[in-house]
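Raw contents of query-v2.txt, compact mmCIF, C-alpha atoms:
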# COMPACT_ATOMS: atom_id res chain seq x y z
CA MET A 1 2.25 8.88 -23.84
CA ALA A 2 0.95 5.32 -24.14
CA THR A 3 -2.56 4.46 -25.28
CA HIS A 4 -5.21 2.57 -23.36
CA GLU A 5 -4.65 -0.37 -25.74
CA GLU A 6 -0.92 -0.38 -24.97
CA ILE A 7 -1.62 -0.50 -21.24
CA SER A 8 -4.08 -3.36 -21.83
CA ALA A 9 -1.43 -5.23 -23.83
CA SER A 10 1.21 -4.64 -21.12
CA LEU A 11 -1.15 -6.00 -18.47
CA GLN A 12 -1.84 -9.01 -20.67
CA SER A 13 1.90 -9.59 -20.93
CA PHE A 14 2.19 -9.28 -17.14
CA CYS A 15 -0.56 -11.91 -16.70
CA GLU A 16 1.18 -14.24 -19.14
CA GLY A 17 4.47 -13.80 -17.24
CA TYR A 18 2.65 -14.58 -14.00
CA LYS A 19 1.11 -17.76 -15.42
CA LYS A 20 4.46 -18.95 -16.80
CA ASN A 21 6.00 -18.89 -13.32
CA SER A 22 4.38 -21.86 -11.58
CA LYS A 23 5.70 -20.79 -8.18
CA LEU A 24 3.70 -17.57 -8.22
CA GLU A 25 0.33 -19.32 -8.07
CA LEU A 26 1.56 -21.31 -5.06
CA MET A 27 3.03 -18.26 -3.37
CA ASN A 28 -0.07 -16.12 -3.76
CA ARG A 29 -2.86 -18.57 -3.02
CA ASP A 30 -3.45 -16.78 0.31
CA TRP A 31 -3.48 -13.30 -1.23
CA ASN A 32 -6.92 -12.47 -2.58
CA ARG A 33 -6.86 -8.88 -3.73
CA VAL A 34 -8.57 -6.41 -6.06
CA ILE A 35 -6.11 -3.96 -7.62
CA ILE A 36 -7.14 -0.96 -9.70
CA ILE A 37 -4.66 0.22 -12.35
CA LYS A 38 -5.39 3.83 -13.29
CA ALA A 39 -3.65 6.14 -15.77
CA SER A 40 -3.35 9.75 -14.65
CA ASP A 41 -3.01 11.34 -18.11
CA ILE A 42 -5.50 9.39 -20.25
CA ASP A 43 -8.86 7.78 -19.67
CA SER A 44 -7.74 4.23 -18.88
CA GLN A 45 -8.62 1.93 -16.01
CA HIS A 46 -8.16 -1.79 -15.45
CA ILE A 47 -9.04 -4.19 -12.66
CA MET A 48 -6.49 -6.82 -11.67
CA THR A 49 -7.89 -9.61 -9.52
CA LEU A 50 -5.93 -12.21 -7.60
CA ARG A 51 -7.97 -15.10 -6.24
CA ASN A 52 -6.61 -18.42 -4.97
CA GLY A 53 -3.33 -17.66 -6.67
CA GLU A 54 -4.86 -16.98 -10.08
CA LEU A 55 -4.40 -13.60 -11.72
CA ALA A 56 -6.89 -11.99 -14.11
CA VAL A 57 -7.15 -8.53 -15.67
CA VAL A 58 -10.18 -6.82 -17.20
CA GLN A 59 -10.77 -3.31 -18.52
CA GLY A 60 -13.14 -0.94 -16.82
CA VAL A 61 -14.22 0.37 -13.45
CA SER A 62 -14.55 -1.91 -10.43
CA ASP A 63 -17.75 -2.12 -8.42
CA GLN A 64 -15.76 -3.66 -5.53
CA ASN A 65 -13.68 -1.77 -3.00
CA PRO A 66 -10.08 -2.17 -4.18
CA ASP A 67 -7.29 -3.26 -1.84
CA LEU A 68 -4.71 -1.40 -3.88
CA VAL A 69 -4.93 1.48 -6.33
CA VAL A 70 -1.95 1.87 -8.67
CA THR A 71 -1.82 5.26 -10.39
CA SER A 72 0.75 6.63 -12.81
CA ASP A 73 1.07 8.20 -16.23
CA SER A 74 0.25 5.89 -19.13
CA GLU A 75 3.86 5.56 -20.31
CA THR A 76 5.09 4.46 -16.87
CA LEU A 77 2.24 1.96 -16.49
CA ALA A 78 2.93 0.38 -19.88
CA ASP A 79 6.70 0.26 -19.20
CA LEU A 80 6.09 -1.21 -15.76
CA PHE A 81 3.78 -4.01 -16.82
CA TYR A 82 5.94 -4.87 -19.85
CA GLY A 83 8.87 -5.22 -17.44
CA ASP A 84 10.89 -2.44 -19.12
CA ILE A 85 11.23 -0.72 -15.75
CA THR A 86 10.95 -2.00 -12.18
CA PRO A 87 8.36 -0.45 -9.84
CA THR A 88 10.88 0.60 -7.20
CA GLU A 89 12.34 3.68 -8.85
CA PRO A 90 9.05 5.29 -10.00
CA TYR A 91 7.52 4.39 -6.63
CA MET A 92 10.39 6.00 -4.73
CA ASN A 93 10.40 9.17 -6.88
CA GLY A 94 6.63 9.56 -6.70
CA THR A 95 5.86 8.92 -10.39
CA LEU A 96 4.07 5.75 -9.37
CA VAL A 97 1.56 6.14 -6.56
CA ILE A 98 0.24 3.02 -4.83
CA GLN A 99 -2.53 3.41 -2.28
CA GLY A 100 -2.87 0.47 0.07
CA SER A 101 -1.14 -1.20 2.97
CA GLU A 102 2.66 -1.38 2.99
CA ASP A 103 2.49 -5.17 3.18
CA ASP A 104 0.39 -5.25 -0.01
CA ILE A 105 2.73 -2.83 -1.78
CA VAL A 106 5.72 -5.05 -0.97
CA ARG A 107 3.78 -8.07 -2.21
CA LEU A 108 2.91 -6.43 -5.54
CA ASP A 109 6.55 -5.37 -5.96
CA PHE A 110 7.57 -8.95 -5.22
CA ILE A 111 5.26 -10.36 -7.91
CA SER A 112 6.57 -7.91 -10.46
CA LEU A 113 10.20 -8.82 -9.64
CA MET A 114 9.42 -12.54 -9.77
CA ILE A 115 8.07 -12.06 -13.30
CA TRP A 116 10.59 -9.59 -14.65
CA GLY A 117 13.53 -9.79 -12.21
CA GLU A 118 17.05 -10.81 -13.23
CA MET B 1 39.43 3.71 27.41
CA LYS B 2 38.07 2.74 24.01
CA ARG B 3 34.52 3.78 23.17
CA VAL B 4 32.22 1.84 20.87
CA VAL B 5 28.71 3.15 20.23
CA SER B 6 25.91 1.42 18.39
CA ILE B 7 23.27 3.65 16.81
CA SER B 8 20.16 1.57 16.33
CA LEU B 9 16.99 2.29 14.39
CA GLY B 10 15.29 0.22 17.08
CA SER B 11 13.52 1.26 20.24
CA SER B 12 15.31 3.42 22.82
CA LYS B 13 13.80 1.15 25.48
CA ARG B 14 16.65 -1.27 24.79
CA ASP B 15 19.41 1.32 25.38
CA HIS B 16 22.26 0.04 27.48
CA GLN B 17 25.82 0.87 28.47
CA VAL B 18 28.50 -1.39 29.91
CA GLN B 19 32.20 -1.24 30.71
CA VAL B 20 34.31 -4.33 30.08
CA GLU B 21 37.96 -5.27 29.85
CA LEU B 22 38.95 -7.16 26.73
CA LEU B 23 42.55 -8.27 26.04
CA GLY B 24 43.77 -5.75 28.63
CA GLU B 25 41.86 -2.81 27.10
CA GLN B 26 39.03 -1.03 28.89
CA PHE B 27 35.93 -0.59 26.74
CA GLU B 28 32.84 1.50 27.18
CA ILE B 29 30.15 -0.01 24.97
CA SER B 30 26.81 1.70 24.52
CA ARG B 31 23.73 1.30 22.42
CA LEU B 32 21.45 4.23 21.50
CA GLY B 33 18.08 3.59 19.85
CA VAL B 34 16.36 6.31 17.77
CA ASN B 35 12.89 4.70 17.62
CA GLY B 36 12.93 4.37 13.84
CA ASP B 37 13.80 8.06 13.28
CA PHE B 38 16.20 7.91 10.33
CA GLU B 39 17.16 11.60 10.44
CA GLU B 40 17.94 11.37 14.15
CA ALA B 41 20.19 8.40 13.41
CA ILE B 42 22.09 10.43 10.79
CA GLY B 43 22.45 13.35 13.25
CA LYS B 44 23.83 11.10 16.00
CA LEU B 45 26.25 9.42 13.60
CA GLN B 46 27.58 12.81 12.50
CA GLN B 47 28.00 13.87 16.16
CA LEU B 48 29.93 10.67 17.01
CA ASP B 49 32.13 10.71 13.91
CA GLY B 50 35.72 11.23 15.03
CA GLN B 51 34.75 11.10 18.73
CA VAL B 52 34.69 7.34 19.31
CA ASP B 53 36.79 4.32 18.31
CA ALA B 54 34.12 2.48 16.33
CA ILE B 55 30.45 2.85 15.47
CA GLY B 56 27.98 0.04 14.97
CA LEU B 57 24.75 0.33 12.99
CA GLY B 58 21.92 -1.57 14.64
CA GLY B 59 18.33 -2.29 13.69
CA ILE B 60 19.32 -2.19 10.06
CA ASP B 61 21.37 -4.31 7.69
CA VAL B 62 23.62 -2.52 5.29
CA TYR B 63 24.83 -5.66 3.55
CA VAL B 64 23.16 -9.02 3.08
CA TYR B 65 24.60 -12.01 1.26
CA ALA B 66 23.47 -14.95 -0.82
CA GLY B 67 26.33 -17.10 -2.02
CA GLU B 68 29.10 -14.97 -3.44
CA ARG B 69 26.84 -11.99 -4.04
CA ARG B 70 26.48 -9.08 -1.68
CA TYR B 71 23.50 -6.73 -1.74
CA ALA B 72 23.46 -3.29 -0.10
CA PHE B 73 20.39 -1.59 1.36
CA LYS B 74 20.09 1.99 0.12
CA ASP B 75 19.02 3.22 3.57
CA GLY B 76 21.97 1.46 5.20
CA LEU B 77 24.43 3.04 2.77
CA LYS B 78 22.99 6.49 3.60
CA LEU B 79 23.82 5.89 7.26
CA ILE B 80 27.35 4.71 6.48
CA GLU B 81 27.94 7.76 4.29
CA ALA B 82 27.10 10.04 7.24
CA VAL B 83 30.31 8.86 8.95
CA LYS B 84 33.55 10.15 7.45
CA SER B 85 36.41 9.16 9.76
CA THR B 86 35.41 6.62 12.44
CA PRO B 87 35.21 2.95 11.40
CA VAL B 88 31.53 2.03 11.00
CA VAL B 89 30.20 -1.53 10.78
CA ASP B 90 26.81 -3.24 10.56
CA GLY B 91 27.81 -6.64 11.94
CA SER B 92 27.63 -8.42 8.60
CA GLY B 93 31.41 -8.98 8.49
CA LEU B 94 31.38 -10.70 11.84
CA LYS B 95 28.17 -12.68 11.32
CA ASN B 96 29.76 -14.62 8.51
CA THR B 97 32.50 -15.79 10.89
CA LEU B 98 31.03 -15.90 14.38
CA GLU B 99 27.68 -17.47 13.53
CA ARG B 100 29.23 -20.14 11.34
CA GLU B 101 31.45 -20.94 14.34
CA THR B 102 28.41 -21.05 16.63
CA VAL B 103 26.87 -23.89 14.61
CA ALA B 104 30.24 -25.70 14.59
CA PHE B 105 30.51 -25.27 18.39
CA LEU B 106 27.02 -26.67 18.95
CA LEU B 107 27.73 -29.60 16.65
CA GLN B 108 30.87 -30.47 18.58
CA ASN B 109 29.74 -29.76 22.12
CA ILE B 110 26.04 -30.41 22.63
CA ASP B 111 23.58 -32.75 21.07
CA ILE B 112 21.06 -30.36 19.56
CA ILE B 113 22.13 -30.23 15.93
CA LYS B 114 22.29 -33.39 13.87
CA LYS B 115 21.45 -34.63 10.42
CA GLY B 116 17.76 -33.97 9.75
CA THR B 117 17.22 -31.52 12.63
CA ARG B 118 14.38 -29.22 11.62
CA VAL B 119 15.65 -25.65 11.62
CA LEU B 120 13.62 -22.51 10.89
CA MET B 121 15.84 -19.59 9.93
CA VAL B 122 13.46 -16.63 10.09
CA SER B 123 15.73 -14.85 7.66
CA ALA B 124 18.86 -16.24 6.03
CA VAL B 125 20.28 -13.54 3.77
CA ASP B 126 21.28 -11.53 6.84
CA ARG B 127 23.03 -14.63 8.25
CA PHE B 128 24.25 -16.52 5.24
CA GLY B 129 27.21 -18.00 7.13
CA MET B 130 24.85 -19.61 9.63
CA ALA B 131 22.55 -20.76 6.81
CA GLU B 132 25.47 -22.48 5.08
CA ALA B 133 26.60 -24.07 8.35
CA PHE B 134 23.16 -25.60 8.97
CA ALA B 135 23.05 -26.88 5.38
CA ALA B 136 26.53 -28.36 5.73
CA ALA B 137 25.36 -30.16 8.88
CA GLU B 138 22.58 -31.69 6.72
CA CYS B 139 19.82 -30.14 8.79
CA ASP B 140 16.32 -29.88 7.34
CA VAL B 141 16.33 -26.10 7.01
CA THR B 142 13.43 -23.80 6.18
CA TYR B 143 14.68 -20.39 5.08
CA GLY B 144 11.88 -18.01 6.05
CA ASP B 145 12.99 -14.93 4.14
CA LEU B 146 9.87 -14.69 1.98
CA ILE B 147 7.58 -15.65 4.86
CA PHE B 148 8.72 -13.13 7.43
CA THR B 149 10.03 -10.33 5.21
CA ALA B 150 7.33 -10.25 2.55
CA GLY B 151 4.48 -12.18 4.21
CA ILE B 152 4.54 -14.86 1.49
CA PRO B 153 3.83 -18.37 2.81
CA TYR B 154 6.54 -19.99 0.74
CA PRO B 155 9.29 -21.85 2.61
CA ILE B 156 12.59 -21.87 0.74
CA LYS B 157 14.22 -25.26 1.27
CA THR B 158 17.62 -25.08 -0.42
CA LEU B 159 20.51 -22.63 -0.51
CA GLN B 160 20.38 -22.73 -4.31
CA GLU B 161 16.76 -21.55 -4.35
CA LEU B 162 17.61 -18.89 -1.76
CA LYS B 163 20.39 -17.60 -4.01
CA GLU B 164 18.10 -17.59 -7.07
CA MET B 165 15.36 -15.72 -5.20
CA ALA B 166 17.90 -13.25 -3.84
CA ALA B 167 19.27 -12.55 -7.31
CA LYS B 168 15.76 -11.83 -8.62
CA LEU B 169 14.50 -9.80 -5.70
CA LEU B 170 17.27 -8.15 -3.72
CA PRO B 171 18.75 -5.77 -6.31
CA GLU B 172 15.41 -3.91 -6.25
CA MET B 173 14.05 -4.73 -2.78
CA THR B 174 17.17 -3.22 -1.18
CA GLN B 175 16.21 0.12 -2.74
CA LEU B 176 12.94 0.26 -0.77
CA PRO B 177 12.77 2.03 2.61
CA PHE B 178 14.16 -0.46 5.13
CA HIS B 179 11.09 -0.19 7.38
CA MET B 180 8.98 -1.79 4.64
CA LEU B 181 10.94 -5.03 5.04
CA TYR B 182 12.00 -5.12 8.68
CA PRO B 183 10.39 -4.09 11.98
CA VAL B 184 11.98 -0.85 13.21
CA GLY B 185 11.21 1.44 16.15
CA GLU B 186 8.04 0.66 18.09
CA LYS B 187 7.25 -2.32 15.84
CA GLN B 188 10.10 -4.12 17.62
CA GLU B 189 8.10 -3.96 20.84
CA SER B 190 4.89 -5.47 19.51
CA ARG B 191 3.79 -8.73 17.99
CA ASP B 192 2.13 -8.93 14.57
CA GLU B 193 -0.86 -10.95 15.80
CA GLU B 194 -2.25 -11.85 12.39
CA LYS B 195 1.04 -13.11 10.97
CA ALA B 196 2.05 -14.77 14.25
CA GLN B 197 -1.10 -16.89 13.98
CA LYS B 198 -0.81 -17.44 10.24
CA PHE B 199 2.84 -18.51 10.32
CA ALA B 200 2.76 -20.37 13.65
CA PRO B 201 3.04 -23.83 12.01
CA TYR B 202 6.54 -22.96 10.81
CA TYR B 203 7.57 -22.23 14.42
CA TYR B 204 5.83 -25.28 15.88
CA ASP B 205 7.32 -27.63 13.30
CA ALA B 206 10.91 -26.50 13.98
CA GLU B 207 13.24 -27.94 16.59
CA ILE B 208 15.56 -24.94 16.27
CA ILE B 209 14.49 -21.38 15.49
CA ALA B 210 17.43 -19.24 14.43
CA GLY B 211 18.10 -15.76 13.18
CA ASP B 212 17.29 -12.15 13.88
CA PHE B 213 15.69 -11.75 17.29
CA HIS B 214 13.31 -8.97 16.24
CA PHE B 215 11.85 -11.20 13.53
CA ILE B 216 11.65 -14.16 15.94
CA LYS B 217 9.88 -12.05 18.57
CA ARG B 218 7.49 -10.22 16.22
CA TYR B 219 6.03 -13.43 14.80
CA LEU B 220 6.38 -15.70 17.84
CA PRO B 221 3.18 -17.73 18.32
CA ASP B 222 1.41 -18.16 21.66
CA LYS B 223 3.20 -21.16 23.06
CA LEU B 224 6.28 -22.91 21.74
CA ASN B 225 6.98 -26.53 22.64
CA GLY B 226 10.54 -26.45 23.89
CA GLN B 227 12.37 -25.22 20.79
CA THR B 228 15.96 -24.01 20.92
CA ILE B 229 16.35 -20.37 19.90
CA ILE B 230 19.68 -19.32 18.37
CA THR B 231 19.99 -15.55 18.15
CA ASN B 232 21.49 -12.49 19.82
CA THR B 233 20.53 -8.94 20.86
CA THR B 234 18.60 -10.31 23.81
CA THR B 235 18.01 -8.56 27.12
CA ALA B 236 17.20 -10.18 30.47
CA ALA B 237 13.53 -9.36 29.77
CA ASP B 238 13.76 -11.16 26.42
CA VAL B 239 15.11 -14.27 28.13
CA GLU B 240 12.13 -14.21 30.47
CA PHE B 241 9.77 -13.59 27.53
CA LEU B 242 11.14 -16.67 25.74
CA ARG B 243 10.87 -18.75 28.91
CA GLN B 244 7.23 -17.74 29.40
CA ASN B 245 6.48 -18.50 25.74
CA GLY B 246 7.69 -22.07 25.94
CA ALA B 247 11.17 -21.92 24.42
CA GLY B 248 13.37 -24.68 25.82
CA ARG B 249 16.81 -23.22 25.36
CA LEU B 250 18.42 -19.97 24.27
CA VAL B 251 21.77 -19.87 22.51
CA THR B 252 23.24 -16.43 22.00
CA THR B 253 25.97 -16.07 19.42
CA THR B 254 27.51 -12.90 20.83
CA PRO B 255 29.01 -12.65 24.35
CA VAL B 256 26.81 -11.56 27.23
CA PHE B 257 27.85 -8.43 29.13
CA GLU B 258 25.83 -7.62 32.27
CA GLY B 259 22.97 -9.90 31.24
CA ARG B 260 22.77 -8.46 27.77
CA SER B 261 23.75 -10.10 24.48
CA PHE B 262 24.63 -7.18 22.23
CA GLY B 263 24.08 -7.16 18.48
CA THR B 264 26.79 -8.33 16.11
CA ASN B 265 27.28 -4.73 14.98
CA VAL B 266 28.41 -3.79 18.50
CA ILE B 267 30.76 -6.75 18.82
CA GLU B 268 32.14 -6.14 15.33
CA GLY B 269 32.77 -2.54 16.41
CA VAL B 270 34.68 -3.80 19.46
CA LEU B 271 36.78 -6.16 17.35
CA VAL B 272 37.53 -3.42 14.80
CA ALA B 273 38.68 -1.16 17.67
CA LEU B 274 40.88 -3.96 19.02
CA LEU B 275 42.34 -4.87 15.62
CA GLY B 276 43.15 -1.22 14.93
CA LYS B 277 42.92 -1.41 11.16
CA PRO B 278 40.33 -0.20 8.66
CA SER B 279 37.30 -2.49 8.56
CA SER B 280 37.71 -2.86 4.78
CA GLU B 281 41.12 -4.51 5.37
CA ILE B 282 39.92 -6.97 8.02
CA THR B 283 39.62 -10.55 6.81
CA PRO B 284 37.49 -13.42 8.20
CA GLU B 285 40.78 -14.93 9.47
CA ASP B 286 41.47 -11.74 11.49
CA TYR B 287 38.05 -12.09 13.11
CA LEU B 288 38.53 -15.82 13.78
CA ASP B 289 41.92 -15.20 15.32
CA ILE B 290 40.75 -12.48 17.69
CA ILE B 291 37.55 -14.39 18.58
CA LYS B 292 39.81 -17.27 19.69
CA LYS B 293 42.04 -14.91 21.71
CA LEU B 294 38.97 -13.47 23.39
CA ASP B 295 37.58 -16.97 23.94
CA PHE B 296 34.16 -15.86 22.72
CA GLN B 297 31.83 -18.83 22.82
CA PRO B 298 28.09 -19.10 22.42
CA LYS B 299 26.17 -18.78 25.67
CA ILE B 300 23.60 -21.49 26.32
CA ILE B 301 20.73 -20.82 28.70
CA GLU B 302 18.39 -23.67 29.59
CA LEU B 303 14.86 -22.27 29.93
CA ASP B 304 13.17 -24.89 32.06
CA ASN B 305 9.45 -24.24 32.01
Taking this structure as input, can you express it in the form of structure tokens?
Amino acid sequence: MATHEEISASLQSFCEGYKKNSKLELMNRDWNRVIIIKASDIDSQHIMTLRNGELAVVQGVSDQNPDLVVTSDSETLADLFYGDITPTEPYMNGTLVIQGSEDDIVRLDFISLMIWGE
Amino acid sequence: MKRVVSISLGSSKRDHQVQVELLGEQFEISRLGVNGDFEEAIGKLQQLDGQVDAIGLGGIDVYVYAGERRYAFKDGLKLIEAVKSTPVVDGSGLKNTLERETVAFLLQNIDIIKKGTRVLMVSAVDRFGMAEAFAAAECDVTYGDLIFTAGIPYPIKTLQELKEMAAKLLPEMTQLPFHMLYPVGEKQESRDEEKAQKFAPYYYDAEIIAGDFHFIKRYLPDKLNGQTIITNTTTAADVEFLRQNGAGRLVTTTPVFEGRSFGTNVIEGVLVALLGKPSSEITPEDYLDIIKKLDFQPKIIELDN
């Protein structure tokens, strides 16, 4: 089981990876989204916001309607955002649940692969 | 009589059957759509296994390519594994040969491809041979893989960048359900209005729009301005649809039988049946040789508006 702090650190690492890849800002400037990241086994919630290609993450509960809700156990979330695992396998086996449109799910998968892919 | 059947994840509205004679052999060629029902496709493949001379898989890619690397879609492999004895092909083997030849034919025979011609390939990893041929002809190519597959407004402009993106994305993306990346079933019959509007500038800016017809059709904007479309899998209704939507010319890469340009999977199935050897042993030279014997050439239809 990962802690809330570990999930926060993994999300920070994800944000740093995003900022290092200059193409991602260009690619996502049309994709303004609010994404909730929620652990299913501990009390931990984060809000990831993409606006004009810029990505930001804060702790806490959103007062906006999210476009995507990403839910998994704390360990999977930390592994995922540190890039130790890709989202596809936990998504396909149901460990990782993403509520939102299929187009948005593909887009989030794409961002993750652009940061951590081969 | 040799029988070749294509099982397609696409709409059953496009089902068709023809009889043709090729190199002295009678062929019955049919296409059966399962409207996106994956389990039905597996059932039909199992029924046909051992009963026909070759099976094509339509509406899905099993293999896509970027440079020397090949990537396999998990869903496509599941379909192939349902067939134990009959040769089964997805068209990717033939695309690499036939579509490269199509660009060469157009370069030699008609004046529509030249250095700097603006080409939009709606997707290139499923037609890497064609993508390389356009690049070799020094066309100004936009590879639309990210735009039309993932909805990301990022035109890829070089084969090198396409290969790098493919290496990052495809090992994982190919594990997703195919319908998340490609229109299957009823989606093939409708336009994605929002994306058609959003991505229209890529269509309007191109002189040639090439690639998978279902992608071209799903994101086609309201009115083209005389562009040449290079594709296949078109019906007589599709030709009329393109004419009404302002396309200037249609080039189909596969031969037309009874007004219908079948998918490359069907034609690859026919060639495999004619060659009479396992598809794994067939080389690009085998395909080139038999294409020449059959005198398969691209069909060009002028769509005067």
Interface residues on chain A facing chain B, 8 Å, only C-alpha atoms, written as a PDB file with C-alpha atoms, in the frame of the given file:
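Below is the file that was written, selection34.pdb:
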ATOM      1  CA  LEU A  26       1.560 -21.310  -5.060  1.00  0.00           C
ATOM      2  CA  MET A  27       3.030 -18.260  -3.370  1.00  0.00           C
ATOM      3  CA  ASN A  28      -0.070 -16.120  -3.760  1.00  0.00           C
ATOM      4  CA  ASP A  30      -3.450 -16.780   0.310  1.00  0.00           C
ATOM      5  CA  THR A  86      10.950  -2.000 -12.180  1.00  0.00           C
ATOM      6  CA  THR A  88      10.880   0.600  -7.200  1.00  0.00           C
ATOM      7  CA  MET A  92      10.390   6.000  -4.730  1.00  0.00           C
ATOM      8  CA  GLU A 102       2.660  -1.380   2.990  1.00  0.00           C
ATOM      9  CA  ASP A 103       2.490  -5.170   3.180  1.00  0.00           C
ATOM     10  CA  VAL A 106       5.720  -5.050  -0.970  1.00  0.00           C
ATOM     11  CA  ARG A 107       3.780  -8.070  -2.210  1.00  0.00           C
ATOM     12  CA  PHE A 110       7.570  -8.950  -5.220  1.00  0.00           C
ATOM     13  CA  LEU A 113      10.200  -8.820  -9.640  1.00  0.00           C
ATOM     14  CA  MET A 114       9.420 -12.540  -9.770  1.00  0.00           C
ATOM     15  CA  GLY A 117      13.530  -9.790 -12.210  1.00  0.00           C
ATOM     16  CA  GLU A 118      17.050 -10.810 -13.230  1.00  0.00           C
TER      17      GLU A 118
END
Polymer residues at most 9 Å from Tyr202 in chain B, all atoms listed in the file, same-chain spacing of 4 or more positions, as JSON, numbers by chain | {"B": [120, 142, 144, 155, 206]}
Closest of B:Leu159, B:Leu107, B:Val122, B:Val272 to Ala137 in chain B - atom-to-atom distances counting all atoms listed in the file | B:Leu107
re CA of Glu28 in chain B and CA of Thr102 in chain B: distance 25.3 Å
Shortest contact to Thr71 in chain A, candidates A:Ile37, A:Leu55, A:Met48, A:Asn93, atoms counted only C-alpha atoms, goes to A:Ile37
Could you give me, as a PDB file with C-alpha atoms, in the coordinates of the input, the residues within 7 Å of range 279-291 of chain B, counting all atoms listed in the file and dropping anything in the same chain fewer than 2 positions from it?
ATOM      1  CA  PRO B  87      35.210   2.950  11.400  1.00  0.00           C
ATOM      2  CA  LEU B  94      31.380 -10.700  11.840  1.00  0.00           C
ATOM      3  CA  THR B  97      32.500 -15.790  10.890  1.00  0.00           C
ATOM      4  CA  VAL B 272      37.530  -3.420  14.800  1.00  0.00           C
ATOM      5  CA  LYS B 277      42.920  -1.410  11.160  1.00  0.00           C
ATOM      6  CA  LYS B 293      42.040 -14.910  21.710  1.00  0.00           C
ATOM      7  CA  LEU B 294      38.970 -13.470  23.390  1.00  0.00           C
ATOM      8  CA  ASP B 295      37.580 -16.970  23.940  1.00  0.00           C
ATOM      9  CA  PHE B 296      34.160 -15.860  22.720  1.00  0.00           C
TER      10      PHE B 296
END
Counting all atoms listed in the file, select every polymer residue within 10 Å of (2.4, 0.7, -21.7) as defined in the file's coordinates, and provide the selection as a PyMOL selection string.
-> chain A and resi 1-11+73-84
Written selection (C-alpha atoms) as a short mmCIF file (atom, residue, chain, number, x, y, z; two decimals), in the coordinates of the input:
data_model
loop_
_atom_site.label_atom_id
_atom_site.label_comp_id
_atom_site.auth_asym_id
_atom_site.auth_seq_id
_atom_site.Cartn_x
_atom_site.Cartn_y
_atom_site.Cartn_z
CA MET A 1 2.25 8.88 -23.84
CA ALA A 2 0.95 5.32 -24.14
CA THR A 3 -2.56 4.46 -25.28
CA HIS A 4 -5.21 2.57 -23.36
CA GLU A 5 -4.65 -0.37 -25.74
CA GLU A 6 -0.92 -0.38 -24.97
CA ILE A 7 -1.62 -0.50 -21.24
CA SER A 8 -4.08 -3.36 -21.83
CA ALA A 9 -1.43 -5.23 -23.83
CA SER A 10 1.21 -4.64 -21.12
CA LEU A 11 -1.15 -6.00 -18.47
CA ASP A 73 1.07 8.20 -16.23
CA SER A 74 0.25 5.89 -19.13
CA GLU A 75 3.86 5.56 -20.31
CA THR A 76 5.09 4.46 -16.87
CA LEU A 77 2.24 1.96 -16.49
CA ALA A 78 2.93 0.38 -19.88
CA ASP A 79 6.70 0.26 -19.20
CA LEU A 80 6.09 -1.21 -15.76
CA PHE A 81 3.78 -4.01 -16.82
CA TYR A 82 5.94 -4.87 -19.85
CA GLY A 83 8.87 -5.22 -17.44
CA ASP A 84 10.89 -2.44 -19.12
#
Which polymer residues, whether protein, DNA or RNA, lie within 10 Å of the coordinate (-1.4, -3.3, -5.8) when you count all atoms listed in the file? List them as a PDB file with C-alpha atoms, keeping the file's coordinate frame, using the chain letters and numbers from the file.
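Once everything was written out, this is part25.pdb:
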ATOM      1  CA  ARG A  33      -6.860  -8.880  -3.730  1.00  0.00           C
ATOM      2  CA  VAL A  34      -8.570  -6.410  -6.060  1.00  0.00           C
ATOM      3  CA  ILE A  35      -6.110  -3.960  -7.620  1.00  0.00           C
ATOM      4  CA  ILE A  36      -7.140  -0.960  -9.700  1.00  0.00           C
ATOM      5  CA  ILE A  37      -4.660   0.220 -12.350  1.00  0.00           C
ATOM      6  CA  MET A  48      -6.490  -6.820 -11.670  1.00  0.00           C
ATOM      7  CA  THR A  49      -7.890  -9.610  -9.520  1.00  0.00           C
ATOM      8  CA  PRO A  66     -10.080  -2.170  -4.180  1.00  0.00           C
ATOM      9  CA  ASP A  67      -7.290  -3.260  -1.840  1.00  0.00           C
ATOM     10  CA  LEU A  68      -4.710  -1.400  -3.880  1.00  0.00           C
ATOM     11  CA  VAL A  69      -4.930   1.480  -6.330  1.00  0.00           C
ATOM     12  CA  VAL A  70      -1.950   1.870  -8.670  1.00  0.00           C
ATOM     13  CA  THR A  71      -1.820   5.260 -10.390  1.00  0.00           C
ATOM     14  CA  VAL A  97       1.560   6.140  -6.560  1.00  0.00           C
ATOM     15  CA  ILE A  98       0.240   3.020  -4.830  1.00  0.00           C
ATOM     16  CA  GLN A  99      -2.530   3.410  -2.280  1.00  0.00           C
ATOM     17  CA  GLY A 100      -2.870   0.470   0.070  1.00  0.00           C
ATOM     18  CA  SER A 101      -1.140  -1.200   2.970  1.00  0.00           C
ATOM     19  CA  GLU A 102       2.660  -1.380   2.990  1.00  0.00           C
ATOM     20  CA  ASP A 103       2.490  -5.170   3.180  1.00  0.00           C
ATOM     21  CA  ASP A 104       0.390  -5.250  -0.010  1.00  0.00           C
ATOM     22  CA  ILE A 105       2.730  -2.830  -1.780  1.00  0.00           C
ATOM     23  CA  VAL A 106       5.720  -5.050  -0.970  1.00  0.00           C
ATOM     24  CA  ARG A 107       3.780  -8.070  -2.210  1.00  0.00           C
ATOM     25  CA  LEU A 108       2.910  -6.430  -5.540  1.00  0.00           C
ATOM     26  CA  ASP A 109       6.550  -5.370  -5.960  1.00  0.00           C
ATOM     27  CA  ILE A 111       5.260 -10.360  -7.910  1.00  0.00           C
TER      28      ILE A 111
END
Tell me, counting only C-alpha atoms, for each residue of range 190-270 of chain B within 12 Å of range 32-53 of chain B, which pair of atoms is nearest and how far apart they are in Å to one decimal, in rows ordered by chain and increasing number, as CSV.
residue,atom,partner,partner_atom,distance
B:Phe262,CA,B:Leu32,CA,11.9
B:Val266,CA,B:Leu32,CA,11.0
B:Glu268,CA,B:Asp53,CA,11.8
B:Gly269,CA,B:Asp53,CA,8.2
B:Val270,CA,B:Asp53,CA,8.5
